[in-house]
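Chemist: For reference, this is target.tsv, and it has TSV, C-alpha atoms.
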chain	number	residue	atom	x	y	z
A	1	MET	CA	94.31	139.91	118.08
A	2	PRO	CA	97.77	138.55	117.14
A	3	ASP	CA	98.28	135.96	114.47
A	4	LYS	CA	99.03	132.48	115.67
A	5	THR	CA	102.62	131.39	115.20
A	6	LEU	CA	103.30	129.17	112.23
A	7	TYR	CA	105.77	127.12	114.27
A	8	PRO	CA	105.84	126.17	117.96
A	9	ARG	CA	108.26	128.13	120.17
A	10	PHE	CA	109.78	125.77	122.69
A	11	ALA	CA	110.76	128.72	124.92
A	12	GLU	CA	107.06	129.28	125.69
A	13	PRO	CA	107.00	127.08	128.84
A	14	ARG	CA	110.00	128.99	130.20
A	15	LEU	CA	108.15	132.28	129.68
A	16	THR	CA	105.03	130.96	131.42
A	17	GLU	CA	107.13	129.67	134.31
A	18	ALA	CA	108.95	133.00	134.67
A	19	LEU	CA	105.72	135.00	134.72
A	20	ALA	CA	104.51	132.90	137.65
A	21	ASP	CA	107.16	134.28	140.03
A	22	SER	CA	108.99	137.25	138.42
A	23	PRO	CA	107.53	140.78	138.40
A	24	ILE	CA	109.20	141.54	135.06
A	25	VAL	CA	110.17	139.18	132.25
A	26	LEU	CA	112.27	140.44	129.36
A	27	ILE	CA	112.23	138.52	126.08
A	28	HIS	CA	115.20	139.72	124.09
A	29	GLY	CA	116.67	138.68	120.77
A	30	PRO	CA	117.08	140.00	117.24
A	31	ARG	CA	114.29	141.88	115.48
A	32	GLN	CA	111.84	139.69	113.59
A	33	CYS	CA	112.75	136.50	115.47
A	34	GLY	CA	109.23	136.18	116.94
A	35	LYS	CA	109.44	138.00	120.30
A	36	THR	CA	106.31	140.11	119.84
A	37	THR	CA	104.27	137.20	118.50
A	38	LEU	CA	105.22	135.00	121.46
A	39	ALA	CA	104.57	137.78	123.99
A	40	ARG	CA	101.16	138.63	122.50
A	41	ILE	CA	100.00	135.01	122.35
A	42	ILE	CA	100.83	134.60	126.06
A	43	GLY	CA	99.42	138.06	126.78
A	44	GLU	CA	96.13	137.30	125.05
A	45	ARG	CA	95.62	134.27	127.27
A	46	LYS	CA	96.43	136.16	130.45
A	47	GLY	CA	94.80	139.52	129.77
A	48	TYR	CA	97.80	141.76	129.09
A	49	ALA	CA	97.50	145.18	127.45
A	50	TYR	CA	100.00	145.97	124.67
A	51	VAL	CA	102.22	149.02	124.13
A	52	SER	CA	104.77	149.29	121.32
A	53	PHE	CA	107.60	151.79	121.43
A	54	ASP	CA	107.88	151.55	117.66
A	55	ASP	CA	104.97	154.01	117.90
A	56	ALA	CA	106.71	157.40	117.80
A	57	VAL	CA	104.11	159.15	119.99
A	58	LEU	CA	104.28	156.53	122.76
A	59	CYS	CA	108.06	156.42	122.56
A	60	THR	CA	108.34	160.21	122.88
A	61	ALA	CA	105.87	160.28	125.78
A	62	ALA	CA	107.77	157.61	127.69
A	63	GLN	CA	111.08	159.39	127.12
A	64	ALA	CA	109.64	162.73	128.28
A	65	ASP	CA	108.14	161.42	131.53
A	66	PRO	CA	109.16	157.80	132.23
A	67	VAL	CA	107.94	157.80	135.84
A	68	GLY	CA	104.53	159.21	134.91
A	69	PHE	CA	104.28	156.86	131.91
A	70	ALA	CA	105.06	153.80	134.05
A	71	GLY	CA	102.60	154.95	136.72
A	72	ASP	CA	99.76	155.14	134.20
A	73	LEU	CA	100.29	151.66	132.77
A	74	PRO	CA	97.66	148.93	133.21
A	75	GLU	CA	98.09	146.28	135.89
A	76	ARG	CA	99.54	143.82	133.33
A	77	VAL	CA	101.13	145.05	130.14
A	78	ILE	CA	103.48	144.07	127.32
A	79	LEU	CA	106.05	146.78	126.53
A	80	ASP	CA	107.42	146.07	123.06
A	81	GLU	CA	110.91	147.19	121.90
A	82	VAL	CA	111.69	148.63	125.32
A	83	GLN	CA	115.35	149.30	124.43
A	84	ARG	CA	114.12	152.44	122.69
A	85	VAL	CA	113.28	154.00	126.08
A	86	PRO	CA	116.20	153.12	128.40
A	87	ALA	CA	115.03	155.64	131.04
A	88	LEU	CA	111.94	153.47	131.56
A	89	PHE	CA	113.94	150.74	133.31
A	90	SER	CA	114.39	152.84	136.47
A	91	ALA	CA	110.72	153.84	136.39
A	92	LEU	CA	109.67	150.19	136.16
A	93	LYS	CA	111.87	149.44	139.18
A	94	VAL	CA	109.95	152.07	141.17
A	95	ALA	CA	106.60	150.68	139.98
A	96	VAL	CA	107.54	147.12	140.95
A	97	ASP	CA	108.89	148.16	144.33
A	98	ARG	CA	105.60	149.93	145.08
A	99	LYS	CA	103.57	146.88	144.15
A	100	ARG	CA	105.49	143.66	143.75
A	101	SER	CA	103.41	140.98	142.07
A	102	ALA	CA	104.38	138.23	139.66
A	103	GLY	CA	103.98	138.76	135.94
A	104	ARG	CA	103.29	142.52	135.94
A	105	PHE	CA	105.37	143.40	132.89
A	106	ILE	CA	106.44	141.51	129.79
A	107	LEU	CA	109.18	143.42	128.00
A	108	THR	CA	110.60	142.69	124.57
A	109	GLY	CA	113.88	144.09	123.36
A	110	SER	CA	115.93	143.91	120.17
A	111	ALA	CA	119.12	144.99	121.95
A	112	ASN	CA	121.00	143.11	124.62
A	113	VAL	CA	120.56	145.06	127.86
A	114	LEU	CA	123.10	142.77	129.52
A	115	LEU	CA	125.75	144.69	127.56
A	116	VAL	CA	124.54	147.92	129.22
A	117	PRO	CA	125.20	147.13	132.89
A	118	LYS	CA	123.35	150.13	134.34
A	119	LEU	CA	120.12	149.01	132.62
A	120	ALA	CA	120.38	145.39	133.73
A	121	ASP	CA	121.49	146.37	137.24
A	122	SER	CA	118.50	148.69	137.71
A	123	LEU	CA	116.18	145.67	137.59
A	124	ALA	CA	118.43	143.12	139.30
A	125	GLY	CA	116.33	140.73	141.37
A	126	ARG	CA	113.14	141.92	139.72
A	127	MET	CA	113.55	140.77	136.12
A	128	GLU	CA	114.09	137.40	134.47
A	129	ILE	CA	115.62	137.45	131.00
A	130	ILE	CA	114.70	134.95	128.30
A	131	ARG	CA	116.67	134.88	125.07
A	132	LEU	CA	114.60	134.16	121.98
A	133	HIS	CA	116.47	133.15	118.86
A	134	PRO	CA	115.34	132.70	115.27
A	135	LEU	CA	113.65	129.35	114.73
A	136	ALA	CA	115.61	126.20	115.56
A	137	GLN	CA	115.46	123.24	113.20
A	138	CYS	CA	113.55	121.21	115.77
A	139	GLU	CA	110.93	123.97	115.94
A	140	LEU	CA	110.68	123.90	112.16
A	141	ASN	CA	110.20	120.12	112.43
A	142	ARG	CA	107.63	120.62	115.22
A	143	ARG	CA	109.44	118.02	117.32
A	144	THR	CA	111.28	118.37	120.60
A	145	THR	CA	114.81	116.99	120.72
A	146	SER	CA	116.77	115.14	123.39
A	147	PHE	CA	120.19	115.84	121.88
A	148	LEU	CA	121.57	117.76	124.87
A	149	ASP	CA	120.30	115.06	127.25
A	150	SER	CA	121.98	112.38	125.14
A	151	LEU	CA	125.17	114.43	125.00
A	152	PHE	CA	125.50	114.86	128.75
A	153	ALA	CA	124.47	111.27	129.38
A	154	GLY	CA	127.10	110.08	126.89
A	155	ASN	CA	124.38	107.94	125.40
A	156	PHE	CA	124.14	107.78	121.60
A	157	LYS	CA	122.65	104.52	120.34
A	158	THR	CA	124.12	102.81	117.28
A	159	ARG	CA	121.72	103.37	114.40
A	160	GLN	CA	121.47	104.19	110.71
A	161	THR	CA	119.87	107.21	109.11
A	162	ASP	CA	119.82	108.99	105.75
A	163	ARG	CA	122.34	111.65	104.80
A	164	LEU	CA	121.12	115.20	104.50
A	165	ALA	CA	123.28	115.81	101.40
A	166	SER	CA	121.99	118.86	99.48
A	167	GLN	CA	119.30	119.47	102.11
A	168	LEU	CA	122.05	120.56	104.51
A	169	ALA	CA	123.13	123.48	102.33
A	170	GLU	CA	119.48	124.42	101.81
A	171	LYS	CA	118.91	124.57	105.56
A	172	ILE	CA	122.03	126.70	106.08
A	173	VAL	CA	120.99	129.16	103.37
A	174	ALA	CA	117.38	129.37	104.58
A	175	GLY	CA	118.30	130.40	108.13
A	176	GLY	CA	115.73	130.69	110.90
A	177	TYR	CA	113.86	133.99	110.63
A	178	PRO	CA	110.11	133.30	110.36
A	179	ALA	CA	109.39	136.07	107.84
A	180	ALA	CA	112.22	134.93	105.56
A	181	LEU	CA	111.13	131.29	105.74
A	182	ALA	CA	107.62	132.31	104.71
A	183	ARG	CA	108.98	133.37	101.31
A	184	PRO	CA	108.85	130.74	98.55
A	185	THR	CA	112.31	130.92	96.97
A	186	GLU	CA	115.97	131.38	97.93
A	187	ARG	CA	116.10	134.63	95.95
A	188	ARG	CA	113.10	136.11	97.75
A	189	ARG	CA	114.48	135.04	101.14
A	190	ALA	CA	117.83	136.65	100.34
A	191	THR	CA	116.03	139.89	99.45
A	192	TRP	CA	114.24	139.81	102.80
A	193	TYR	CA	117.52	139.35	104.69
A	194	ARG	CA	119.18	142.29	102.92
A	195	ASP	CA	116.19	144.56	103.50
A	196	TYR	CA	116.08	143.42	107.13
A	197	LEU	CA	119.67	144.44	107.70
A	198	ASP	CA	119.17	147.83	106.06
A	199	ALA	CA	116.13	148.56	108.24
A	200	LEU	CA	117.84	147.40	111.40
A	201	VAL	CA	120.90	149.58	110.81
A	202	GLN	CA	118.80	152.63	110.03
A	203	ARG	CA	116.52	152.18	113.04
A	204	ASP	CA	117.97	150.25	116.00
A	205	VAL	CA	121.65	150.92	115.43
A	206	ARG	CA	121.03	154.63	114.91
A	207	ASP	CA	119.15	154.67	118.23
A	208	LEU	CA	121.93	152.84	120.09
A	209	ALA	CA	125.04	154.65	118.91
A	210	ARG	CA	126.17	157.79	117.14
A	211	ILE	CA	127.99	156.47	114.10
A	212	SER	CA	128.97	158.88	111.38
A	213	SER	CA	129.22	156.23	108.66
A	214	LEU	CA	126.38	153.77	109.07
A	215	ASP	CA	127.28	152.20	105.72
A	216	ILE	CA	130.32	150.61	107.39
A	217	LEU	CA	128.16	148.23	109.43
A	218	PRO	CA	126.61	146.19	106.56
A	219	ARG	CA	130.07	145.93	104.97
A	220	LEU	CA	131.60	144.90	108.29
A	221	LEU	CA	128.90	142.30	108.86
A	222	THR	CA	129.47	140.91	105.35
A	223	LEU	CA	133.18	140.61	106.15
A	224	ALA	CA	132.32	138.95	109.46
A	225	ALA	CA	130.08	136.51	107.56
A	226	SER	CA	133.03	135.48	105.40
A	227	GLN	CA	135.05	134.87	108.58
A	228	THR	CA	132.35	133.19	110.65
A	229	ALA	CA	133.56	130.30	112.84
A	230	ARG	CA	137.10	131.72	112.81
A	231	LEU	CA	139.10	133.33	115.58
A	232	LEU	CA	138.21	137.00	115.94
A	233	ASN	CA	140.89	139.03	114.15
A	234	VAL	CA	140.24	142.75	114.51
A	235	ALA	CA	143.18	143.58	112.23
A	236	ASP	CA	141.62	141.62	109.37
A	237	LEU	CA	138.21	143.15	109.99
A	238	SER	CA	139.59	146.70	110.06
A	239	SER	CA	141.88	146.48	107.01
A	240	PRO	CA	139.22	147.41	104.36
A	241	PHE	CA	138.06	150.47	106.32
A	242	GLN	CA	139.57	153.87	107.05
A	243	VAL	CA	138.90	153.54	110.77
A	244	SER	CA	140.99	152.42	113.71
A	245	ARG	CA	141.07	148.93	115.19
A	246	PRO	CA	139.49	150.10	118.47
A	247	THR	CA	136.62	151.58	116.44
A	248	ILE	CA	136.10	148.31	114.57
A	249	ARG	CA	136.11	146.48	117.91
A	250	ASP	CA	133.41	148.87	119.14
A	251	TYR	CA	131.40	148.18	115.97
A	252	VAL	CA	131.68	144.42	116.54
A	253	THR	CA	130.36	144.95	120.07
A	254	LEU	CA	127.48	146.95	118.61
A	255	LEU	CA	126.67	144.10	116.21
A	256	GLU	CA	126.70	141.75	119.21
A	257	ARG	CA	124.35	144.06	121.06
A	258	VAL	CA	121.71	143.76	118.32
A	259	PHE	CA	122.26	139.97	118.13
A	260	LEU	CA	123.79	139.93	114.64
A	261	VAL	CA	127.06	138.31	115.75
A	262	ASP	CA	128.10	136.17	118.71
A	263	SER	CA	131.51	135.98	120.34
A	264	LEU	CA	132.35	132.45	121.51
A	265	PRO	CA	134.96	132.56	124.30
A	266	PRO	CA	137.75	130.01	124.64
A	267	TRP	CA	137.62	127.22	127.21
A	268	HIS	CA	140.61	126.63	129.45
A	269	SER	CA	141.09	124.41	132.47
A	270	ASN	CA	142.28	127.51	134.34
A	271	ARG	CA	139.27	129.83	134.12
A	272	LEU	CA	141.40	132.92	134.82
A	273	SER	CA	143.33	132.27	131.62
A	274	ARG	CA	140.28	132.63	129.39
A	275	LEU	CA	140.52	136.39	129.30
A	276	ILE	CA	143.85	136.36	127.48
A	277	LYS	CA	142.70	133.89	124.82
A	278	THR	CA	140.99	134.70	121.53
A	279	PRO	CA	137.24	134.24	121.01
A	280	LYS	CA	135.64	132.88	117.88
A	281	LEU	CA	133.23	134.99	115.87
A	282	HIS	CA	129.91	133.53	114.73
A	283	VAL	CA	127.25	135.29	112.68
A	284	GLY	CA	123.88	135.12	114.46
A	285	ASP	CA	122.05	133.37	111.61
A	286	THR	CA	123.41	131.56	108.56
A	287	GLY	CA	120.53	132.70	106.35
A	288	LEU	CA	121.56	136.31	106.88
A	289	ALA	CA	125.22	135.39	106.34
A	290	CYS	CA	124.50	133.69	103.01
A	291	ALA	CA	122.36	136.61	101.81
A	292	LEU	CA	125.16	139.06	102.62
A	293	LEU	CA	127.70	136.87	100.82
A	294	GLY	CA	125.39	136.48	97.81
A	295	ILE	CA	125.58	132.69	97.96
A	296	ASN	CA	122.80	130.16	97.37
A	297	ALA	CA	122.67	126.46	98.21
A	298	ALA	CA	124.22	125.29	94.95
A	299	ALA	CA	127.12	127.74	95.26
A	300	LEU	CA	127.63	126.78	98.91
A	301	ILE	CA	127.90	123.09	98.02
A	302	ALA	CA	130.60	123.98	95.48
A	303	ASP	CA	132.60	126.05	98.01
A	304	ARG	CA	133.73	123.44	100.53
A	305	PRO	CA	135.77	125.75	102.81
A	306	LEU	CA	132.88	128.20	103.16
A	307	LEU	CA	130.45	125.29	103.63
A	308	GLY	CA	132.60	124.07	106.52
A	309	GLN	CA	132.58	127.49	108.19
A	310	LEU	CA	128.85	128.08	107.78
A	311	LEU	CA	128.03	124.53	108.87
A	312	GLU	CA	129.97	125.09	112.10
A	313	THR	CA	128.02	128.30	112.73
A	314	PHE	CA	124.75	126.57	111.79
A	315	ALA	CA	125.37	123.76	114.32
A	316	PHE	CA	126.52	126.21	117.00
A	317	GLN	CA	123.40	128.34	116.57
A	318	GLU	CA	121.13	125.27	116.61
A	319	LEU	CA	122.68	124.20	119.91
A	320	ARG	CA	122.39	127.73	121.33
A	321	ARG	CA	118.72	127.83	120.36
A	322	GLN	CA	118.04	124.48	122.00
A	323	ALA	CA	119.94	125.53	125.12
A	324	SER	CA	117.66	128.57	125.51
A	325	TRP	CA	114.83	126.29	126.68
A	326	TYR	CA	116.94	123.46	128.14
A	327	ALA	CA	116.09	122.57	131.72
A	328	GLU	CA	119.62	123.23	133.02
A	329	SER	CA	121.96	126.16	132.50
A	330	VAL	CA	124.73	125.54	129.98
A	331	ALA	CA	127.60	127.68	128.71
A	332	PHE	CA	129.36	127.57	125.33
A	333	PHE	CA	133.07	127.86	124.49
A	334	HIS	CA	135.61	126.67	121.94
A	335	TYR	CA	138.90	124.91	122.65
A	336	ARG	CA	142.31	125.42	121.13
A	337	ASP	CA	145.65	124.42	122.65
A	338	LYS	CA	149.18	125.58	121.92
A	339	ASP	CA	149.73	122.56	119.66
A	340	GLY	CA	146.82	123.54	117.41
A	341	ALA	CA	144.39	120.88	118.63
A	342	GLU	CA	140.87	122.33	118.39
A	343	VAL	CA	137.29	121.56	119.36
A	344	ASP	CA	134.63	123.62	117.62
A	345	ILE	CA	132.15	123.76	120.51
A	346	VAL	CA	132.64	123.04	124.21
A	347	ILE	CA	129.50	122.93	126.35
A	348	GLU	CA	129.60	123.10	130.14
A	349	ARG	CA	126.64	122.08	132.26
A	350	GLY	CA	127.20	123.64	135.66
A	351	ALA	CA	130.49	122.81	137.35
A	352	ARG	CA	130.18	119.05	136.94
A	353	ALA	CA	129.87	118.12	133.28
A	354	LEU	CA	131.59	119.10	130.06
A	355	ALA	CA	131.19	117.85	126.48
A	356	GLY	CA	132.90	118.65	123.20
A	357	ILE	CA	131.51	118.77	119.67
A	358	GLU	CA	133.46	118.79	116.42
A	359	ILE	CA	131.61	119.53	113.17
A	360	LYS	CA	132.40	118.12	109.71
A	361	ALA	CA	130.68	118.59	106.37
A	362	SER	CA	131.94	115.25	105.07
A	363	ALA	CA	130.15	111.88	105.02
A	364	THR	CA	132.89	109.94	106.82
A	365	VAL	CA	134.60	110.01	110.20
A	366	THR	CA	137.99	108.53	111.15
A	367	GLY	CA	139.84	108.19	114.44
A	368	ALA	CA	141.93	111.25	113.54
A	369	ASP	CA	138.83	113.44	113.71
A	370	PHE	CA	138.76	112.92	117.49
A	371	ARG	CA	142.24	114.34	118.13
A	372	GLY	CA	141.01	117.65	119.55
A	373	LEU	CA	138.26	115.94	121.57
A	374	ARG	CA	140.80	113.58	123.15
A	375	LYS	CA	142.97	116.57	124.08
A	376	LEU	CA	139.93	118.25	125.60
A	377	LYS	CA	139.15	115.09	127.58
A	378	GLU	CA	142.69	115.04	128.91
A	379	ALA	CA	142.51	118.73	129.89
A	380	SER	CA	139.09	118.51	131.58
A	381	GLY	CA	139.59	115.24	133.45
A	382	LYS	CA	136.65	113.67	135.24
A	383	ARG	CA	134.26	116.42	134.14
A	384	PHE	CA	134.38	115.18	130.54
A	385	VAL	CA	131.25	113.19	129.67
A	386	ALA	CA	131.28	112.88	125.86
A	387	GLY	CA	132.99	113.91	122.65
A	388	VAL	CA	130.94	114.01	119.45
A	389	VAL	CA	131.87	114.45	115.81
A	390	LEU	CA	128.77	115.68	114.01
A	391	TYR	CA	128.98	114.80	110.32
A	392	ASP	CA	126.75	114.37	107.29
A	393	GLY	CA	126.82	110.61	107.35
A	394	GLU	CA	124.49	107.68	107.89
A	395	ALA	CA	125.77	105.90	111.02
A	396	CYS	CA	125.66	106.82	114.68
A	397	ALA	CA	128.52	104.87	116.22
A	398	SER	CA	130.79	104.72	119.26
A	399	PHE	CA	134.54	105.20	118.85
A	400	GLY	CA	135.22	104.19	122.47
A	401	ASP	CA	136.18	106.22	125.55
A	402	GLY	CA	133.04	108.36	125.38
A	403	MET	CA	133.62	109.37	121.74
A	404	TYR	CA	130.85	109.18	119.14
A	405	ALA	CA	130.27	109.86	115.46
A	406	VAL	CA	126.74	111.27	115.16
A	407	PRO	CA	124.84	112.30	112.01
A	408	LEU	CA	124.06	116.02	111.91
A	409	ARG	CA	120.35	115.44	111.58
A	410	ALA	CA	120.36	113.86	115.06
A	411	LEU	CA	120.74	117.41	116.37
A	412	TRP	CA	117.07	118.06	115.73
A	413	GLU	CA	115.47	114.70	114.89
A	414	THR	CA	115.91	112.85	118.19
A	415	THR	CA	112.82	112.58	120.39
Written as structure tokens, how would this file's structure read?
Modeler:
Amino acid sequence: MPDKTLYPRFAEPRLTEALADSPIVLIHGPRQCGKTTLARIIGERKGYAYVSFDDAVLCTAAQADPVGFAGDLPERVILDEVQRVPALFSALKVAVDRKRSAGRFILTGSANVLLVPKLADSLAGRMEIIRLHPLAQCELNRRTTSFLDSLFAGNFKTRQTDRLASQLAEKIVAGGYPAALARPTERRRATWYRDYLDALVQRDVRDLARISSLDILPRLLTLAASQTARLLNVADLSSPFQVSRPTIRDYVTLLERVFLVDSLPPWHSNRLSRLIKTPKLHVGDTGLACALLGINAAALIADRPLLGQLLETFAFQELRRQASWYAESVAFFHYRDKDGAEVDIVIERGARALAGIEIKASATVTGADFRGLRKLKEASGKRFVAGVVLYDGEACASFGDGMYAVPLRALWETT
């Protein structure tokens, strides 16, 4: 019997909805973010058996005879860490095609199968994919949030609130992994994050790719953490290592595949132009980033440039986590024009609506802080619904023309 989750997972209704009409549902996301716990809680209610491919015997058996293994599975079953047996995807396709019924298989995976097209394509039309992230701040607060609704409605009410101040750095350093948050001190959480990375590299990364020098990956991720929220620069990332730039690019893709980094593409009014622009790099969780950089909350407060970078990543990841259960599909980008005007996060909702978010660690906002957002509004035309500067201040206020200054805590404290 699985333990009950300490915090609510707001993706749970999406999982229940998917199981009602999809033969296979894959919950994927980084190790230790809560995938197995969520799957087993749902499975316990609905009578699912459980199989984990972290069990060496079961993993070997499935690899040796995937068709036979799939044929012998119970009517409803959870298959945990399914990325360890990629041959099973084709066998599951056969099983579903023989008997197509909703909710037959719940899969969990700690590697992004969307980056392996032949795996995703083998179950096209048969599998719904749900991304589970580490805990969002609103999950930690046990309160749903209407921030994305307010953003796309262009509707932020004038109000006063308290600054986060030092709490902001503490939240950034803590991150969102449940097992880390269960530890009582910053030092113990940092130890968990470092051990987590070591275990992940030795297990999942070794399974996914043949890399002669596995020690490069923790060092590369540490370097990426120091450059989070910046434009991806492969030359800078490769300079400390005796490997080629194409190899470093492959390693970055591998880190993306195990959900340790995210690449944020650029937005452009001409969609075909996006491919020749430069993405931004974001570490998947700021708690892990701070542990790798050896920085605690007090040190982060003292290092304003690094605080600005990690705060941008923190806000981006909070929005990504909220979007994973949002009722409508949204896509994330950043904006930068030839004159250097920038917007940290651009969010598109379908083909009709677009909003921009700029992030500041300071307690004040001026008209100049909306320069990039006004450029984005000009470039996107009628699709633009709102521009927001998130800052660590006290007032939520309109700056006219759909522009708002909004306290950071409104990201997760609205109801």
Chemist: Between segment 185-279 of chain A and segment 290-300 of chain A, at 7 Å or less, what are the per-residue closest atom pairs and their distances in Å? Count all atoms listed in the file, order by chain and rising residue number, and return it as CSV.
Modeler:
residue,atom,partner,partner_atom,distance
A:Glu186,CA,A:Asn296,CA,7.0
A:Ala190,CA,A:Ala291,CA,4.8
A:Tyr193,CA,A:Ala291,CA,6.3
A:Arg194,CA,A:Ala291,CA,6.6
A:Thr222,CA,A:Leu292,CA,5.4
Chemist: Give me the residues near Leu38 of chain A as a list in words, where near means some atom within 8 Å (using all atoms listed in the file) and where sequence neighbours in that chain fewer than 4 positions away do not count.
Modeler: Thr5, Arg9, Glu12, Gly34 and Ile42 of chain A
Chemist: Do you know which residues are at most 9 Å from Gly71 of chain A counting all atoms listed in the file, after dropping those on the same chain fewer than 4 positions away, and could you put them as a PyMOL selection string?
Modeler: chain A and resi 66-67+91-92+95
Chemist: Tell me, as a PyMOL selection string, which residues lie within 12 Å of Leu79 of chain A, counting only C-alpha atoms; anything in the same chain fewer than 4 positions away does not count.
Modeler: chain A and resi 24-28+35-36+39-40+43+48-55+58-59+62+69-70+73-74+83-85+88-89+92+104-109
Chemist: Atom CA of Gln322 of chain A and atom CA of Glu139 of chain A, how far apart in Å?
Modeler: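 Interatomic distance, atom CA of Glu139 of chain A to atom CA of Gln322 of chain A: 9.4 Å.
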Chemist: Give me the residues within 10 Å of Pro23 of chain A as a PDB file with C-alpha atoms, in the coordinates of the input, counting only C-alpha atoms and dropping any in the same chain fewer than 6 places off.
Modeler:
ATOM      1  CA  ARG A  76      99.540 143.820 133.330  1.00  0.00           C
ATOM      2  CA  LEU A  92     109.670 150.190 136.160  1.00  0.00           C
ATOM      3  CA  LYS A  93     111.870 149.440 139.180  1.00  0.00           C
ATOM      4  CA  VAL A  96     107.540 147.120 140.950  1.00  0.00           C
ATOM      5  CA  ASP A  97     108.890 148.160 144.330  1.00  0.00           C
ATOM      6  CA  LYS A  99     103.570 146.880 144.150  1.00  0.00           C
ATOM      7  CA  ARG A 100     105.490 143.660 143.750  1.00  0.00           C
ATOM      8  CA  SER A 101     103.410 140.980 142.070  1.00  0.00           C
ATOM      9  CA  ALA A 102     104.380 138.230 139.660  1.00  0.00           C
ATOM     10  CA  GLY A 103     103.980 138.760 135.940  1.00  0.00           C
ATOM     11  CA  ARG A 104     103.290 142.520 135.940  1.00  0.00           C
ATOM     12  CA  PHE A 105     105.370 143.400 132.890  1.00  0.00           C
ATOM     13  CA  ILE A 106     106.440 141.510 129.790  1.00  0.00           C
ATOM     14  CA  LEU A 123     116.180 145.670 137.590  1.00  0.00           C
ATOM     15  CA  GLY A 125     116.330 140.730 141.370  1.00  0.00           C
ATOM     16  CA  ARG A 126     113.140 141.920 139.720  1.00  0.00           C
ATOM     17  CA  MET A 127     113.550 140.770 136.120  1.00  0.00           C
ATOM     18  CA  GLU A 128     114.090 137.400 134.470  1.00  0.00           C
TER      19      GLU A 128
END
Chemist: Rounded to one decimal place, report the atom CA of Trp412 of chain A-atom CA of Cys138 of chain A distance in Å.
Modeler: 4.7 Å
